[in-house]
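Colleague: PDB, C-alpha atoms, pLDDT in the B column, saved as upload11.pdb, coming up:
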```
ATOM      1  CA  MET G   1     -58.891  39.015 238.154  1.00 82.00           C
ATOM      2  CA  ALA G   2     -57.763  42.614 237.924  1.00 89.00           C
ATOM      3  CA  LEU G   3     -59.864  45.770 237.992  1.00 93.00           C
ATOM      4  CA  TYR G   4     -59.732  48.279 235.135  1.00 94.00           C
ATOM      5  CA  GLU G   5     -61.286  51.564 234.096  1.00 93.00           C
ATOM      6  CA  ASN G   6     -61.631  52.042 230.355  1.00 94.00           C
ATOM      7  CA  VAL G   7     -62.560  55.352 228.732  1.00 95.00           C
ATOM      8  CA  PHE G   8     -63.063  55.569 224.992  1.00 96.00           C
ATOM      9  CA  ILE G   9     -63.934  58.444 222.669  1.00 95.00           C
ATOM     10  CA  ALA G  10     -66.124  57.858 219.634  1.00 95.00           C
ATOM     11  CA  ARG G  11     -66.248  60.149 216.593  1.00 94.00           C
ATOM     12  CA  GLN G  12     -68.489  63.219 216.762  1.00 93.00           C
ATOM     13  CA  ASP G  13     -70.616  62.268 213.746  1.00 93.00           C
ATOM     14  CA  VAL G  14     -71.639  58.926 215.253  1.00 93.00           C
ATOM     15  CA  ALA G  15     -75.167  58.914 216.724  1.00 93.00           C
ATOM     16  CA  THR G  16     -75.717  58.442 220.446  1.00 93.00           C
ATOM     17  CA  THR G  17     -77.554  55.185 219.820  1.00 94.00           C
ATOM     18  CA  GLN G  18     -74.543  53.867 217.899  1.00 94.00           C
ATOM     19  CA  VAL G  19     -72.279  54.782 220.829  1.00 94.00           C
ATOM     20  CA  GLU G  20     -74.595  52.839 223.162  1.00 95.00           C
ATOM     21  CA  ALA G  21     -74.458  49.884 220.751  1.00 95.00           C
ATOM     22  CA  LEU G  22     -70.647  50.040 220.761  1.00 94.00           C
ATOM     23  CA  THR G  23     -70.677  50.110 224.571  1.00 95.00           C
ATOM     24  CA  THR G  24     -72.863  47.003 224.788  1.00 95.00           C
ATOM     25  CA  GLN G  25     -70.712  45.292 222.136  1.00 95.00           C
ATOM     26  CA  PHE G  26     -67.558  45.943 224.169  1.00 95.00           C
ATOM     27  CA  ALA G  27     -69.277  44.817 227.390  1.00 94.00           C
ATOM     28  CA  GLU G  28     -70.407  41.575 225.736  1.00 95.00           C
ATOM     29  CA  LEU G  29     -66.866  40.985 224.491  1.00 94.00           C
ATOM     30  CA  VAL G  30     -65.481  41.314 228.021  1.00 94.00           C
ATOM     31  CA  THR G  31     -68.142  39.025 229.515  1.00 95.00           C
ATOM     32  CA  SER G  32     -67.570  36.400 226.803  1.00 94.00           C
ATOM     33  CA  LEU G  33     -63.880  36.296 227.797  1.00 93.00           C
ATOM     34  CA  GLY G  34     -64.621  35.727 231.486  1.00 92.00           C
ATOM     35  CA  GLY G  35     -64.903  39.261 232.854  1.00 93.00           C
ATOM     36  CA  THR G  36     -67.643  41.532 234.087  1.00 93.00           C
ATOM     37  CA  VAL G  37     -68.555  45.140 233.373  1.00 93.00           C
ATOM     38  CA  SER G  38     -69.910  46.672 236.578  1.00 92.00           C
ATOM     39  CA  LYS G  39     -70.597  50.202 235.350  1.00 91.00           C
ATOM     40  CA  LYS G  40     -71.201  51.947 232.016  1.00 92.00           C
ATOM     41  CA  GLU G  41     -71.340  55.745 231.946  1.00 92.00           C
ATOM     42  CA  TYR G  42     -72.014  57.835 228.876  1.00 92.00           C
ATOM     43  CA  TRP G  43     -70.458  61.254 229.486  1.00 90.00           C
ATOM     44  CA  GLY G  44     -71.895  62.872 226.390  1.00 89.00           C
ATOM     45  CA  LEU G  45     -70.587  64.773 223.417  1.00 92.00           C
ATOM     46  CA  ARG G  46     -67.706  66.885 224.698  1.00 91.00           C
ATOM     47  CA  SER G  47     -65.117  69.150 223.122  1.00 91.00           C
ATOM     48  CA  LEU G  48     -61.641  67.753 222.639  1.00 91.00           C
ATOM     49  CA  THR G  49     -58.622  69.724 223.812  1.00 91.00           C
ATOM     50  CA  TYR G  50     -57.046  69.399 220.391  1.00 91.00           C
ATOM     51  CA  ARG G  51     -58.130  67.953 217.055  1.00 93.00           C
ATOM     52  CA  ILE G  52     -57.844  64.188 216.748  1.00 89.00           C
ATOM     53  CA  LYS G  53     -58.231  62.709 213.268  1.00 88.00           C
ATOM     54  CA  LYS G  54     -60.053  65.871 212.116  1.00 90.00           C
ATOM     55  CA  ASN G  55     -62.557  65.702 215.017  1.00 90.00           C
ATOM     56  CA  ARG G  56     -63.141  68.606 217.395  1.00 93.00           C
ATOM     57  CA  LYS G  57     -65.669  66.770 219.597  1.00 94.00           C
ATOM     58  CA  GLY G  58     -66.216  63.212 220.722  1.00 94.00           C
ATOM     59  CA  HIS G  59     -68.619  60.938 222.591  1.00 95.00           C
ATOM     60  CA  TYR G  60     -66.999  59.901 225.890  1.00 94.00           C
ATOM     61  CA  THR G  61     -67.866  56.620 227.647  1.00 94.00           C
ATOM     62  CA  LEU G  62     -66.499  54.984 230.819  1.00 94.00           C
ATOM     63  CA  LEU G  63     -66.481  51.237 231.520  1.00 93.00           C
ATOM     64  CA  ASN G  64     -65.576  49.688 234.896  1.00 94.00           C
ATOM     65  CA  ILE G  65     -64.181  46.233 234.155  1.00 94.00           C
ATOM     66  CA  ASP G  66     -63.293  43.237 236.322  1.00 93.00           C
ATOM     67  CA  ALA G  67     -61.555  40.885 233.903  1.00 93.00           C
ATOM     68  CA  PRO G  68     -58.364  38.948 233.170  1.00 94.00           C
ATOM     69  CA  SER G  69     -55.649  40.734 231.248  1.00 92.00           C
ATOM     70  CA  ALA G  70     -56.313  38.685 228.088  1.00 93.00           C
ATOM     71  CA  ALA G  71     -59.866  40.063 227.939  1.00 94.00           C
ATOM     72  CA  VAL G  72     -58.603  43.633 228.287  1.00 94.00           C
ATOM     73  CA  LYS G  73     -56.015  43.073 225.555  1.00 95.00           C
ATOM     74  CA  GLU G  74     -58.717  41.765 223.225  1.00 95.00           C
ATOM     75  CA  LEU G  75     -60.950  44.734 224.109  1.00 94.00           C
ATOM     76  CA  GLU G  76     -58.159  47.184 223.270  1.00 95.00           C
ATOM     77  CA  ARG G  77     -57.402  45.315 220.024  1.00 95.00           C
ATOM     78  CA  THR G  78     -61.064  45.540 219.028  1.00 95.00           C
ATOM     79  CA  MET G  79     -61.162  49.263 219.865  1.00 94.00           C
ATOM     80  CA  SER G  80     -58.032  49.923 217.804  1.00 95.00           C
ATOM     81  CA  ILE G  81     -59.604  48.223 214.774  1.00 96.00           C
ATOM     82  CA  ASN G  82     -62.947  50.025 215.053  1.00 94.00           C
ATOM     83  CA  GLU G  83     -62.931  53.185 212.930  1.00 93.00           C
ATOM     84  CA  ASP G  84     -65.593  54.898 215.071  1.00 93.00           C
ATOM     85  CA  ILE G  85     -63.249  54.952 218.103  1.00 95.00           C
ATOM     86  CA  ILE G  86     -60.691  57.760 217.913  1.00 95.00           C
ATOM     87  CA  ARG G  87     -59.015  57.230 221.323  1.00 94.00           C
ATOM     88  CA  TYR G  88     -59.186  54.813 224.245  1.00 95.00           C
ATOM     89  CA  MET G  89     -57.356  54.400 227.521  1.00 95.00           C
ATOM     90  CA  THR G  90     -57.421  51.541 229.996  1.00 94.00           C
ATOM     91  CA  VAL G  91     -56.043  51.997 233.506  1.00 95.00           C
ATOM     92  CA  ARG G  92     -55.613  49.303 236.145  1.00 93.00           C
ATOM     93  CA  VAL G  93     -57.042  50.412 239.499  1.00 92.00           C
ATOM     94  CA  ASP G  94     -56.990  49.013 243.040  1.00 90.00           C
ATOM     95  CA  GLU G  95     -60.763  49.249 243.466  1.00 88.00           C
ATOM     96  CA  LEU G  96     -63.727  50.228 241.332  1.00 85.00           C
ATOM     97  CA  GLU G  97     -65.932  53.112 242.403  1.00 81.00           C
ATOM     98  CA  GLU G  98     -69.634  52.311 242.413  1.00 81.00           C
ATOM     99  CA  VAL G  99     -70.679  55.951 242.865  1.00 78.00           C
ATOM    100  CA  PRO G 100     -71.062  58.190 239.804  1.00 77.00           C
ATOM    101  CA  SER G 101     -67.779  59.496 238.426  1.00 79.00           C
ATOM    102  CA  ALA G 102     -66.597  63.073 238.936  1.00 79.00           C
ATOM    103  CA  ILE G 103     -67.658  63.977 235.392  1.00 80.00           C
ATOM    104  CA  MET G 104     -71.236  62.846 236.024  1.00 79.00           C
ATOM    105  CA  VAL G 105     -71.400  64.630 239.401  1.00 80.00           C
ATOM    106  CA  ARG G 106     -70.127  67.855 237.857  1.00 79.00           C
ATOM    107  CA  SER G 107     -72.592  67.731 234.968  1.00 76.00           C
ATOM    108  CA  ALA G 108     -75.444  67.087 237.420  1.00 74.00           C
ATOM    109  CA  GLU G 109     -74.399  70.138 239.446  1.00 76.00           C
ATOM    110  CA  LYS G 110     -74.347  72.249 236.279  1.00 73.00           C
ATOM    111  CA  SER G 111     -77.848  71.182 235.318  1.00 69.00           C
ATOM    112  CA  ASP G 112     -79.160  72.036 238.820  1.00 67.00           C
ATOM    113  CA  ARG G 113     -78.055  75.664 238.513  1.00 64.00           C
ATOM    114  CA  PRO G 114     -80.447  78.230 237.129  1.00 62.00           C
ATOM    115  CA  GLY G 115     -79.220  79.380 233.751  1.00 59.00           C
ATOM    116  CA  GLY G 116     -77.363  76.131 233.044  1.00 54.00           C
ATOM    117  CA  ASP G 117     -73.584  76.130 233.141  1.00 53.00           C
ATOM    118  CA  ARG G 118     -73.296  79.907 232.739  1.00 56.00           C
ATOM    119  CA  GLY G 119     -74.453  80.505 236.299  1.00 54.00           C
ATOM    120  CA  ASP G 120     -75.513  84.054 237.165  1.00 55.00           C
ATOM    121  CA  ARG G 121     -73.014  85.675 234.849  1.00 57.00           C
ATOM    122  CA  TRP G 122     -75.726  87.498 232.897  1.00 57.00           C
ATOM    123  CA  GLY G 123     -78.232  87.797 235.737  1.00 58.00           C
ATOM    124  CA  ASP G 124     -76.068  90.283 237.683  1.00 59.00           C
ATOM    125  CA  ARG G 125     -75.904  92.820 234.872  1.00 61.00           C
ATOM    126  CA  PRO G 126     -78.465  95.667 234.912  1.00 61.00           C
ATOM    127  CA  PRO G 127     -80.717  95.937 231.867  1.00 63.00           C
ATOM    128  CA  ARG G 128     -79.194  97.655 228.873  1.00 67.00           C
ATOM    129  CA  ARG G 129     -80.240 101.274 228.341  1.00 66.00           C
ATOM    130  CA  GLU G 130     -81.206 102.464 224.919  1.00 65.00           C
ATOM    131  CA  ARG G 131     -78.834 105.102 223.605  1.00 65.00           C
ATOM    132  CA  PRO G 132     -80.364 108.085 221.829  1.00 62.00           C
ATOM    133  CA  ARG G 133     -79.812 108.062 218.109  1.00 64.00           C
ATOM    134  CA  PHE G 134     -79.055 111.039 215.925  1.00 63.00           C
ATOM    135  CA  GLY G 135     -82.209 112.563 214.607  1.00 61.00           C
ATOM    136  CA  ASP G 136     -84.306 111.207 217.462  1.00 58.00           C
ATOM    137  CA  GLU G 137     -86.527 113.549 219.376  1.00 62.00           C
ATOM    138  CA  GLY G 138     -84.582 115.803 221.725  1.00 58.00           C
ATOM    139  CA  VAL G 139     -81.186 115.020 220.206  1.00 57.00           C
ATOM    140  CA  ALA G 140     -79.621 117.394 217.760  1.00 57.00           C
ATOM    141  CA  ALA G 141     -78.194 116.007 214.565  1.00 56.00           C
ATOM    142  CA  PRO G 142     -74.461 116.566 214.193  1.00 59.00           C
ATOM    143  CA  LEU G 143     -73.433 119.714 212.402  1.00 58.00           C
ATOM    144  CA  VAL G 144     -71.492 118.981 209.266  1.00 59.00           C
ATOM    145  CA  ALA G 145     -70.193 121.720 207.000  1.00 60.00           C
ATOM    146  CA  ASP G 146     -70.760 120.860 203.367  1.00 59.00           C
ATOM    147  CA  THR G 147     -67.764 122.158 201.436  1.00 65.00           C
ATOM    148  CA  GLY G 148     -68.556 120.213 198.302  1.00 63.00           C
ATOM    149  CA  GLU G 149     -65.286 118.282 198.469  1.00 64.00           C
ATOM    150  CA  GLU G 150     -65.002 114.628 199.203  1.00 62.00           C
ATOM    151  CA  ALA G 151     -62.927 113.559 202.130  1.00 54.00           C
TER     152      ALA G 151
END
```
As structure tokens, please, write out the structure in this file.

Modeller:
Amino acid sequence: MALYENVFIARQDVATTQVEALTTQFAELVTSLGGTVSKKEYWGLRSLTYRIKKNRKGHYTLLNIDAPSAAVKELERTMSINEDIIRYMTVRVDELEEVPSAIMVRSAEKSDRPGGDRGDRWGDRPPRRERPRFGDEGVAAPLVADTGEEA
């Protein structure tokens, strides 16, 4: 049997629990056709590079599959029929990685940083000074000559 990585994107208005249900449905489909799903990774709701079917965001999920090609064809056919899936891609690979994917490692590094994914961008800046306002104590109001004409 061949090894595949499948990534699919679900619509942004679908709940996370529905995306998990879709993932288990697709995994059960592959196992019923003689394959195995060794890893399921939910990457979260992420922004799309460009709009796809009027969606600006999507739920990304990765499946590592060890299955015959007929099972993968049926999986792709099922994904193309499902209206909650806006894109999918299946790639044949030489070996499956058992470690977390690069997306998961990167998101874990972001969550470890103080301040989230913004880093110290705002922490380096000195506190903002209050500017004196006109009419405040110690500041003269601007002199305006009243000529009676409108400007």

Colleague: Run through the PyMOL selection byres ((chain G and resi 87) around 10) on the given coordinates and return the selected residues as a tab-separated table (two decimals) with C-alpha atoms, in the frame of the given file.

Modeller:
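After the write, out-v7.tsv holds the following:
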```tsv
chain	number	residue	atom	x	y	z
G	7	VAL	CA	-62.56	55.35	228.73
G	8	PHE	CA	-63.06	55.57	224.99
G	9	ILE	CA	-63.93	58.44	222.67
G	10	ALA	CA	-66.12	57.86	219.63
G	11	ARG	CA	-66.25	60.15	216.59
G	52	ILE	CA	-57.84	64.19	216.75
G	53	LYS	CA	-58.23	62.71	213.27
G	58	GLY	CA	-66.22	63.21	220.72
G	60	TYR	CA	-67.00	59.90	225.89
G	79	MET	CA	-61.16	49.26	219.86
G	80	SER	CA	-58.03	49.92	217.80
G	84	ASP	CA	-65.59	54.90	215.07
G	85	ILE	CA	-63.25	54.95	218.10
G	86	ILE	CA	-60.69	57.76	217.91
G	88	TYR	CA	-59.19	54.81	224.24
G	89	MET	CA	-57.36	54.40	227.52
```

Colleague: If you apply the PyMOL selection byres ((chain G and resi 57) around 8) to this file, what residues do you get, as JSON, numbers by chain?

Modeller: {"G": [11, 12, 45, 46, 47, 48, 55, 56, 58, 59]}

Colleague: Could you list the residues chosen by the PyMOL selection byres ((chain G and resi 75) around 10) in this structure as an MDAnalysis selection string?

Modeller: chainID G and resid 6 25:27 29:30 33 69:74 76:80 90

Colleague: Step by step: start from the point (-55.4, 51.0, 236.0) in the file's coordinates, keep every protein, DNA or RNA residue that has an atom no farther than 12 Å from it, count only C-alpha atoms, and write the set as a list of chain:residue names.

Modeller: G:Ala2, G:Leu3, G:Tyr4, G:Glu5, G:Asn6, G:Val7, G:Leu63, G:Asn64, G:Ile65, G:Asp66, G:Ser69, G:Val72, G:Met89, G:Thr90, G:Val91, G:Arg92, G:Val93, G:Asp94, G:Glu95, G:Leu96

Colleague: With all atoms listed in the file as the atoms that count, which of G:Gln18, G:Thr23, G:Ile103, G:Glu109 lies nearest to G:Trp43?

Modeller: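 Residue with the minimum atom-to-atom distance to G:Trp43: G:Ile103.
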
Colleague: In Å, rounded to a single decimal, give me how far atom CA of G:Thr36 is from atom CA of G:Glu83.

Modeller: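 The value is 24.6 Å.
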
Colleague: Rounded to one decimal, what separation in Å do you get between atom CA of G:Gly44 and atom CA of G:Thr16?

Modeller: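 Here the two named atoms are 8.3 Å from each other.
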
Colleague: In Å, with one decimal, what is the gap from atom CA of G:Glu98 to atom CA of G:Asn82?

Modeller: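 Computing it gives 28.3 Å between the two atoms.
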
Colleague: As JSON, please: the centre and edge lengths in Å, to one decimal, of an axis-aligned box enclosing every listed atom of stretch 81-100 of chain G with 6 Å added on each side.

Modeller:
```
{"center_x": -63.3, "center_y": 53.2, "center_z": 228.2, "size_x": 27.4, "size_y": 22.0, "size_z": 42.5}
```

Colleague: Since fewer atoms than expected are present, regenerate N, CA and C atoms for stretch 77-111 of chain G and write them as a compact mmCIF listing (two decimals), keeping the file's coordinate frame.

Modeller:
```txt
# COMPACT_ATOMS: atom_id res chain seq x y z
N ARG G 77 -57.64 45.66 221.43
CA ARG G 77 -57.40 45.32 220.02
C ARG G 77 -58.64 45.62 219.19
N THR G 78 -59.80 45.27 219.73
CA THR G 78 -61.06 45.54 219.03
C THR G 78 -61.30 47.04 218.89
N MET G 79 -60.99 47.81 219.93
CA MET G 79 -61.16 49.26 219.86
C MET G 79 -60.21 49.89 218.85
N SER G 80 -58.99 49.35 218.75
CA SER G 80 -58.03 49.92 217.80
C SER G 80 -58.44 49.65 216.35
N ILE G 81 -59.15 48.55 216.12
CA ILE G 81 -59.60 48.22 214.77
C ILE G 81 -60.82 49.05 214.38
N ASN G 82 -61.69 49.33 215.33
CA ASN G 82 -62.95 50.02 215.05
C ASN G 82 -62.67 51.46 214.61
N GLU G 83 -63.21 51.85 213.46
CA GLU G 83 -62.93 53.18 212.93
C GLU G 83 -63.77 54.28 213.58
N ASP G 84 -64.79 53.90 214.36
CA ASP G 84 -65.59 54.90 215.07
C ASP G 84 -64.93 55.35 216.37
N ILE G 85 -63.96 54.61 216.86
CA ILE G 85 -63.25 54.95 218.10
C ILE G 85 -62.00 55.73 217.72
N ILE G 86 -61.87 56.97 218.26
CA ILE G 86 -60.69 57.76 217.91
C ILE G 86 -59.61 57.68 218.99
N ARG G 87 -59.99 57.42 220.23
CA ARG G 87 -59.02 57.23 221.32
C ARG G 87 -59.62 56.33 222.37
N TYR G 88 -58.75 55.60 223.09
CA TYR G 88 -59.19 54.81 224.24
C TYR G 88 -58.04 54.76 225.23
N MET G 89 -58.38 54.54 226.48
CA MET G 89 -57.36 54.40 227.52
C MET G 89 -57.89 53.46 228.59
N THR G 90 -57.07 52.48 228.95
CA THR G 90 -57.42 51.54 230.00
C THR G 90 -56.40 51.67 231.11
N VAL G 91 -56.90 51.81 232.34
CA VAL G 91 -56.04 52.00 233.51
C VAL G 91 -56.39 50.93 234.53
N ARG G 92 -55.38 50.28 235.07
CA ARG G 92 -55.61 49.30 236.14
C ARG G 92 -55.75 50.06 237.45
N VAL G 93 -56.77 49.73 238.24
CA VAL G 93 -57.04 50.41 239.50
C VAL G 93 -57.09 49.39 240.63
N ASP G 94 -56.93 49.89 241.87
CA ASP G 94 -56.99 49.01 243.04
C ASP G 94 -58.42 48.61 243.38
N GLU G 95 -59.36 49.55 243.22
CA GLU G 95 -60.76 49.25 243.47
C GLU G 95 -61.63 50.08 242.53
N LEU G 96 -62.80 49.54 242.22
CA LEU G 96 -63.73 50.23 241.33
C LEU G 96 -64.70 51.05 242.16
N GLU G 97 -64.98 52.25 241.72
CA GLU G 97 -65.93 53.11 242.40
C GLU G 97 -67.33 52.81 241.89
N GLU G 98 -68.26 52.58 242.80
CA GLU G 98 -69.63 52.31 242.41
C GLU G 98 -70.47 53.58 242.34
N VAL G 99 -69.97 54.67 242.92
CA VAL G 99 -70.68 55.95 242.86
C VAL G 99 -70.45 56.57 241.49
N PRO G 100 -71.29 57.53 241.10
CA PRO G 100 -71.06 58.19 239.80
C PRO G 100 -69.69 58.87 239.77
N SER G 101 -69.10 58.90 238.59
CA SER G 101 -67.78 59.50 238.43
C SER G 101 -67.84 61.01 238.61
N ALA G 102 -66.68 61.62 238.73
CA ALA G 102 -66.60 63.07 238.94
C ALA G 102 -67.20 63.84 237.77
N ILE G 103 -67.08 63.33 236.57
CA ILE G 103 -67.66 63.98 235.39
C ILE G 103 -69.18 64.01 235.50
N MET G 104 -69.78 62.91 235.91
CA MET G 104 -71.24 62.85 236.02
C MET G 104 -71.74 63.73 237.16
N VAL G 105 -71.01 63.78 238.27
CA VAL G 105 -71.40 64.63 239.40
C VAL G 105 -71.34 66.09 238.99
N ARG G 106 -70.29 66.47 238.28
CA ARG G 106 -70.13 67.86 237.86
C ARG G 106 -71.22 68.27 236.88
N SER G 107 -71.55 67.39 235.94
CA SER G 107 -72.59 67.73 234.97
C SER G 107 -73.96 67.81 235.64
N ALA G 108 -74.18 67.00 236.68
CA ALA G 108 -75.44 67.09 237.42
C ALA G 108 -75.53 68.41 238.18
N GLU G 109 -74.41 68.85 238.74
CA GLU G 109 -74.40 70.14 239.45
C GLU G 109 -74.67 71.28 238.48
N LYS G 110 -74.12 71.20 237.28
CA LYS G 110 -74.35 72.25 236.28
C LYS G 110 -75.81 72.33 235.90
N SER G 111 -76.45 71.17 235.74
CA SER G 111 -77.85 71.18 235.32
C SER G 111 -78.78 71.64 236.44
```
